[in-house]
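Presented below is the structure to which this report refers.
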Amino acid sequence: MTMTRRNFLSASAVVAAMPVLGRPAWGAPLPRDADIVVIGAGAAGIAAARRIAAANRKVIVVEAASQVGGRCITDISTFDVPFDRGARWIHNPETNPMIKLGRAAGLEIMPAPSGQKIRIGRRNARASETEDFLAALVKANRAIDEASRKFDVSCASVMPKELGDWAGTAEFVLGAGFAGKDLKDISVIDKVRALDRNSAIACRQGLGALIAKLSEPLPLSLSTPVSRIEWGNRDAIVQTPAGKITARAAIITVSSNVLASGTIRFAPDIPKRTLDAAAKLGLGSYDHIALQMPGNPLGLARDDILIEQSNSTRTALLYANMGSSSLCSIDVGGSFGRDLSAQGEAAMVAFAIEWLTKMFGSDLAKVVKKSSATRWNAAPYVQGAMSVAPPAAQASRKALSEPVGCMYFAGEATHETLWGTVDGAWESGERAAEAALRRIGALREDPARQAPAVKRRQPAGPPRAGMPGASLN
């Protein structure tokens, strides 16, 4: 059956009713062939596979890690509340299909905490001081927006000089806290093209739990790393420790760092343009340091989010009393976060306690019951947080999304406006699936379809922080 895109969108709901298939581990028998093979079981891979399954085509998802989710992993065993070790938020509630799918799957989808408190030393900022900070952010965003209309330089190079005591805080909120990189490493065009992410949505069971739930109907093999892909214009042969899979098309959703690292070998080699694009879109650094502190020693409310006035990159974001629990997350990013993560989990926890003590004055080391820190840069199948384009590299996103023979690339790094977000990863997976389905004759373009309008991002207030990247952050 050949489907139009209109029929295809309606049929995609059928996937939710499919029976749950097994999750073979490395060494278990794999299908020898498929219409389309999807590499990676993060948001992009799951989105792509659901689209393919909805078109009644044979799909297999292979994932190198031992769990579904990619950069969306929910830890339900370490603490007494679900802890998202990666992405926390999704966005765009009016258009995001994941929200409807999550609710249909029985998960609780709700608005994320709104607003942020600012700490100045050991006190909260006064209303006038908060207004000054917001004004500084508006000035910084306006300067970045104006610069992007002329040339592509670093965000740091165009920051206004008159930000005063708020310069360091603005640097953190717009750089490390937003994209996992310092402003000197972020393209003004990439920053401006990032659609507004302030309308954040959370899943009470965890965003990783949402991705895992949406993967349940799919044939998926975990602990199955891909070592080599032989490709051409007709088909692809994907080699794993569990055997080879021959498919008419392949969708590759590994992170830009993994693709650029050469972990997966290609025969013939993929074009230098593709590899260069992946290398330019290197992942930023963003980690969560979780501290369980019974008794609310910080005296904060449920789901309070707090940043500090800082003149140094040695700073963080606090997400306190998550879900009315005693769990607090201290988020670090950018060059400071990368250096701290490289020192190991013990150093990360020590910094978090020191940072909180500086602001609240208590001997918090005695009240920490349990701790855990993510180290995404050291995760072999991810190697970082979210992709960030440096100056003059924003065009690499489009280059990375271009098909190569029968191979299609997806993931947040390929999205020009929703990069760094789970939303962008999901949408890119659907887009790649449609392209692959058209290639094999399973989907034709609907003549009634109209091209969507392109939105230009307006300078916004403080972005939501949260992942690997507030958006994969």
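Naming works like this for the structure tokens: A, B, ... for the chains as they're shown, residue 1 at the start of each chain, ligands 1 onward in shown order.
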
- Item | Contacts of Ala425 of chain A at 12 Å (only C-alpha atoms; same-chain gap of 2+ positions) as a PyMOL selection string | chain A and resi 40-48+69-72+87+90-91+96+98+211+252-255+386-387+401+409-423+427-432+471-472

- Task: Extract, using only C-alpha atoms, all DNA, RNA and protein residues at most 8 Å from Arg50 of chain A, discarding same-chain residues fewer than 2 positions from it, and format them as a ChimeraX atom specification.
- Result: /A:12,15,46-48,52-54,215,218

- Query: Excluding same-chain residues fewer than 2 positions from Gly361 of chain A, what lies within 12 Å of it counting only C-alpha atoms, as a PyMOL selection string?
  - Reply: chain A and resi 121-123+297-299+353-359+363-365

Would you mind exporting C-alpha atoms of the selected residues as a PDB file, in the first residue's frame?
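Everything below was put into part.pdb:
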```
ATOM      1  CA  GLY A 121      25.189  36.095  48.274  1.00  0.00           C
ATOM      2  CA  ARG A 122      23.080  34.636  51.066  1.00  0.00           C
ATOM      3  CA  ARG A 123      19.838  36.429  50.258  1.00  0.00           C
ATOM      4  CA  PRO A 297      17.556  22.396  54.900  1.00  0.00           C
ATOM      5  CA  LEU A 298      17.536  25.047  52.170  1.00  0.00           C
ATOM      6  CA  GLY A 299      14.057  26.234  53.109  1.00  0.00           C
ATOM      7  CA  ILE A 353      27.741  20.997  48.524  1.00  0.00           C
ATOM      8  CA  GLU A 354      30.280  23.832  48.580  1.00  0.00           C
ATOM      9  CA  TRP A 355      28.153  25.944  46.210  1.00  0.00           C
ATOM     10  CA  LEU A 356      24.969  25.469  48.228  1.00  0.00           C
ATOM     11  CA  THR A 357      26.774  26.129  51.497  1.00  0.00           C
ATOM     12  CA  LYS A 358      28.106  29.404  50.106  1.00  0.00           C
ATOM     13  CA  MET A 359      24.559  30.571  49.403  1.00  0.00           C
ATOM     14  CA  ASP A 363      26.670  22.559  57.020  1.00  0.00           C
ATOM     15  CA  LEU A 364      24.989  20.651  54.216  1.00  0.00           C
ATOM     16  CA  ALA A 365      27.514  17.830  54.000  1.00  0.00           C
TER      17      ALA A 365
END
```

- Tell me which protein, DNA and RNA residues are within 12 Å of Ser66 of chain A, counting only C-alpha atoms, leaving out same-chain ones fewer than 3 positions away, and put them as a count of residues only. 20

- Query: Which of segment 277-420 of chain A counts as alpha helix (DSSP H) under DSSP, as number ranges by chain please?
  - Reply: A: 277-280, 334-342, 345-360, 396-401

Mind writing the picked residues with N, CA and C atoms as a compact mmCIF listing (two decimals), in the first residue's frame?
```txt
# COMPACT_ATOMS: atom_id res chain seq x y z
N ALA A 277 30.48 18.33 9.10
CA ALA A 277 29.31 18.92 9.74
C ALA A 277 29.12 18.36 11.14
N ALA A 278 29.27 17.05 11.28
CA ALA A 278 29.11 16.42 12.60
C ALA A 278 30.18 16.94 13.56
N ALA A 279 31.42 17.07 13.06
CA ALA A 279 32.50 17.54 13.92
C ALA A 279 32.29 18.98 14.37
N LYS A 280 31.78 19.82 13.48
CA LYS A 280 31.53 21.22 13.84
C LYS A 280 30.41 21.36 14.87
N GLY A 334 28.91 24.07 30.37
CA GLY A 334 29.95 24.85 29.74
C GLY A 334 31.34 24.36 30.08
N SER A 335 32.33 25.22 29.93
CA SER A 335 33.72 24.82 30.17
C SER A 335 33.94 24.42 31.62
N PHE A 336 33.31 25.14 32.55
CA PHE A 336 33.46 24.78 33.95
C PHE A 336 32.86 23.40 34.21
N GLY A 337 31.66 23.16 33.70
CA GLY A 337 31.02 21.86 33.90
C GLY A 337 31.82 20.73 33.28
N ARG A 338 32.41 20.99 32.11
CA ARG A 338 33.21 19.95 31.46
C ARG A 338 34.44 19.60 32.30
N ASP A 339 35.13 20.63 32.80
CA ASP A 339 36.31 20.40 33.63
C ASP A 339 35.94 19.68 34.93
N LEU A 340 34.82 20.08 35.52
CA LEU A 340 34.39 19.45 36.77
C LEU A 340 34.02 18.00 36.55
N SER A 341 33.29 17.71 35.49
CA SER A 341 32.90 16.34 35.18
C SER A 341 34.12 15.46 34.97
N ALA A 342 35.16 16.01 34.34
CA ALA A 342 36.37 15.23 34.09
C ALA A 342 37.06 14.82 35.37
N GLU A 345 32.88 11.93 39.81
CA GLU A 345 31.64 12.17 40.55
C GLU A 345 31.89 12.75 41.94
N ALA A 346 32.94 12.31 42.63
CA ALA A 346 33.20 12.82 43.97
C ALA A 346 33.47 14.32 43.95
N ALA A 347 34.23 14.79 42.96
CA ALA A 347 34.51 16.22 42.84
C ALA A 347 33.25 17.00 42.51
N MET A 348 32.37 16.41 41.71
CA MET A 348 31.12 17.08 41.35
C MET A 348 30.23 17.25 42.58
N VAL A 349 30.11 16.21 43.37
CA VAL A 349 29.29 16.28 44.58
C VAL A 349 29.88 17.29 45.57
N ALA A 350 31.20 17.30 45.71
CA ALA A 350 31.87 18.24 46.61
C ALA A 350 31.59 19.68 46.18
N PHE A 351 31.65 19.95 44.87
CA PHE A 351 31.35 21.30 44.40
C PHE A 351 29.91 21.67 44.74
N ALA A 352 28.97 20.75 44.49
CA ALA A 352 27.55 21.06 44.73
C ALA A 352 27.32 21.44 46.18
N ILE A 353 27.90 20.69 47.10
CA ILE A 353 27.74 21.00 48.52
C ILE A 353 28.39 22.34 48.87
N GLU A 354 29.59 22.57 48.34
CA GLU A 354 30.28 23.83 48.58
C GLU A 354 29.47 25.01 48.05
N TRP A 355 28.91 24.87 46.86
CA TRP A 355 28.15 25.94 46.21
C TRP A 355 26.89 26.27 47.01
N LEU A 356 26.18 25.24 47.43
CA LEU A 356 24.97 25.47 48.23
C LEU A 356 25.30 26.07 49.59
N THR A 357 26.37 25.60 50.19
CA THR A 357 26.77 26.13 51.50
C THR A 357 27.11 27.61 51.41
N LYS A 358 27.76 28.00 50.31
CA LYS A 358 28.11 29.40 50.11
C LYS A 358 26.86 30.28 50.09
N MET A 359 25.77 29.77 49.53
CA MET A 359 24.56 30.57 49.40
C MET A 359 23.63 30.48 50.61
N PHE A 360 23.63 29.31 51.28
CA PHE A 360 22.65 29.10 52.35
C PHE A 360 23.27 28.99 53.74
N SER A 396 26.01 23.86 9.13
CA SER A 396 26.33 22.44 9.27
C SER A 396 25.10 21.61 9.64
N ARG A 397 24.11 22.23 10.26
CA ARG A 397 22.90 21.47 10.62
C ARG A 397 22.19 20.97 9.37
N LYS A 398 22.04 21.84 8.39
CA LYS A 398 21.41 21.43 7.15
C LYS A 398 22.26 20.40 6.42
N ALA A 399 23.57 20.60 6.42
CA ALA A 399 24.46 19.66 5.75
C ALA A 399 24.37 18.27 6.38
N LEU A 400 24.27 18.21 7.70
CA LEU A 400 24.21 16.92 8.38
C LEU A 400 22.90 16.21 8.11
N SER A 401 21.84 16.96 7.81
CA SER A 401 20.53 16.33 7.58
C SER A 401 20.37 15.79 6.16
```

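If you look at atom CA of Ile264 of chain A and atom CA of Cys406 of chain A, they are 16.1 Å away from each other.
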
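Near segment 198-205 of chain A, within a cut-off of 8 Å and counting only C-alpha atoms, sit the residues A:Pro82, A:Arg88, A:Trp89, A:Ile90, A:His91, A:Asn92, A:Pro93, A:Leu107, A:Glu108, A:Ile109, A:Met110, A:Pro111, A:Ala112, A:Ala209, A:Leu210, A:Gly323, A:Pro462, A:Pro463, A:Arg464, with same-chain residues fewer than 3 positions away left out.
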
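Excluding segment 234-236 of chain A and any residue on its chain fewer than 4 positions from it, the residues at most 8 Å away by only C-alpha atoms are Ile229, Glu230, Thr246, Ala247, Arg248, Ala249, Ala250, Gly405, Cys406 and Met407 of chain A.
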
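Closest approach to Thr74 of chain A among A:Ala179, A:Gly86, A:Leu300, A:Ala395: A:Gly86, based on only C-alpha atoms.
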
- Provide the atom CA of Ile118 of chain A to atom CA of Ser285 of chain A distance in Å, to one decimal place. 22.8 Å

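Comparing the minimum interatomic distances between Pro31 of chain A and each of A:Leu437, A:Val59, A:Val138, A:Asp165, counting only C-alpha atoms, we find that A:Val59 sits nearest.
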
- Message: Which residues are near Val404 of chain A? Cut-off 9 Å, only C-alpha atoms, ignore same chain within fewer than 4 positions. Put them as number ranges by chain.
- Response: A: 231-233, 270-271, 274, 408-409

Keeping C-alpha atoms, export the residues of the selection given above as a short mmCIF file (atom, residue, chain, number, x, y, z; two decimals), in the first residue's frame.
```cif
data_model
loop_
_atom_site.label_atom_id
_atom_site.label_comp_id
_atom_site.auth_asym_id
_atom_site.auth_seq_id
_atom_site.Cartn_x
_atom_site.Cartn_y
_atom_site.Cartn_z
CA TRP A 231 25.92 1.39 1.91
CA GLY A 232 25.07 2.34 -1.65
CA ASN A 233 22.09 3.59 -3.58
CA ILE A 270 30.67 8.87 3.97
CA PRO A 271 31.33 12.27 2.36
CA THR A 274 28.88 15.04 6.40
CA TYR A 408 19.34 9.32 6.42
CA PHE A 409 20.61 11.21 9.46
#
```

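For the choices A:Met293, A:Ala392, A:Ile305, A:Leu317, the atom-to-atom distance to Val368 of chain A is smallest for A:Met293 when using only C-alpha atoms.
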
- With only C-alpha atoms as the basis for distance, which of A:Leu281, A:Leu137, A:Ala167, A:Ala435 is at the shortest distance from Ile36 of chain A? A:Ala435

- Query: Which is closer to Gly243 of chain A than all the others in A:Ser227, A:Asn257, A:Asn296, A:Ser324, using only C-alpha atoms?
  - Reply: A:Ser227
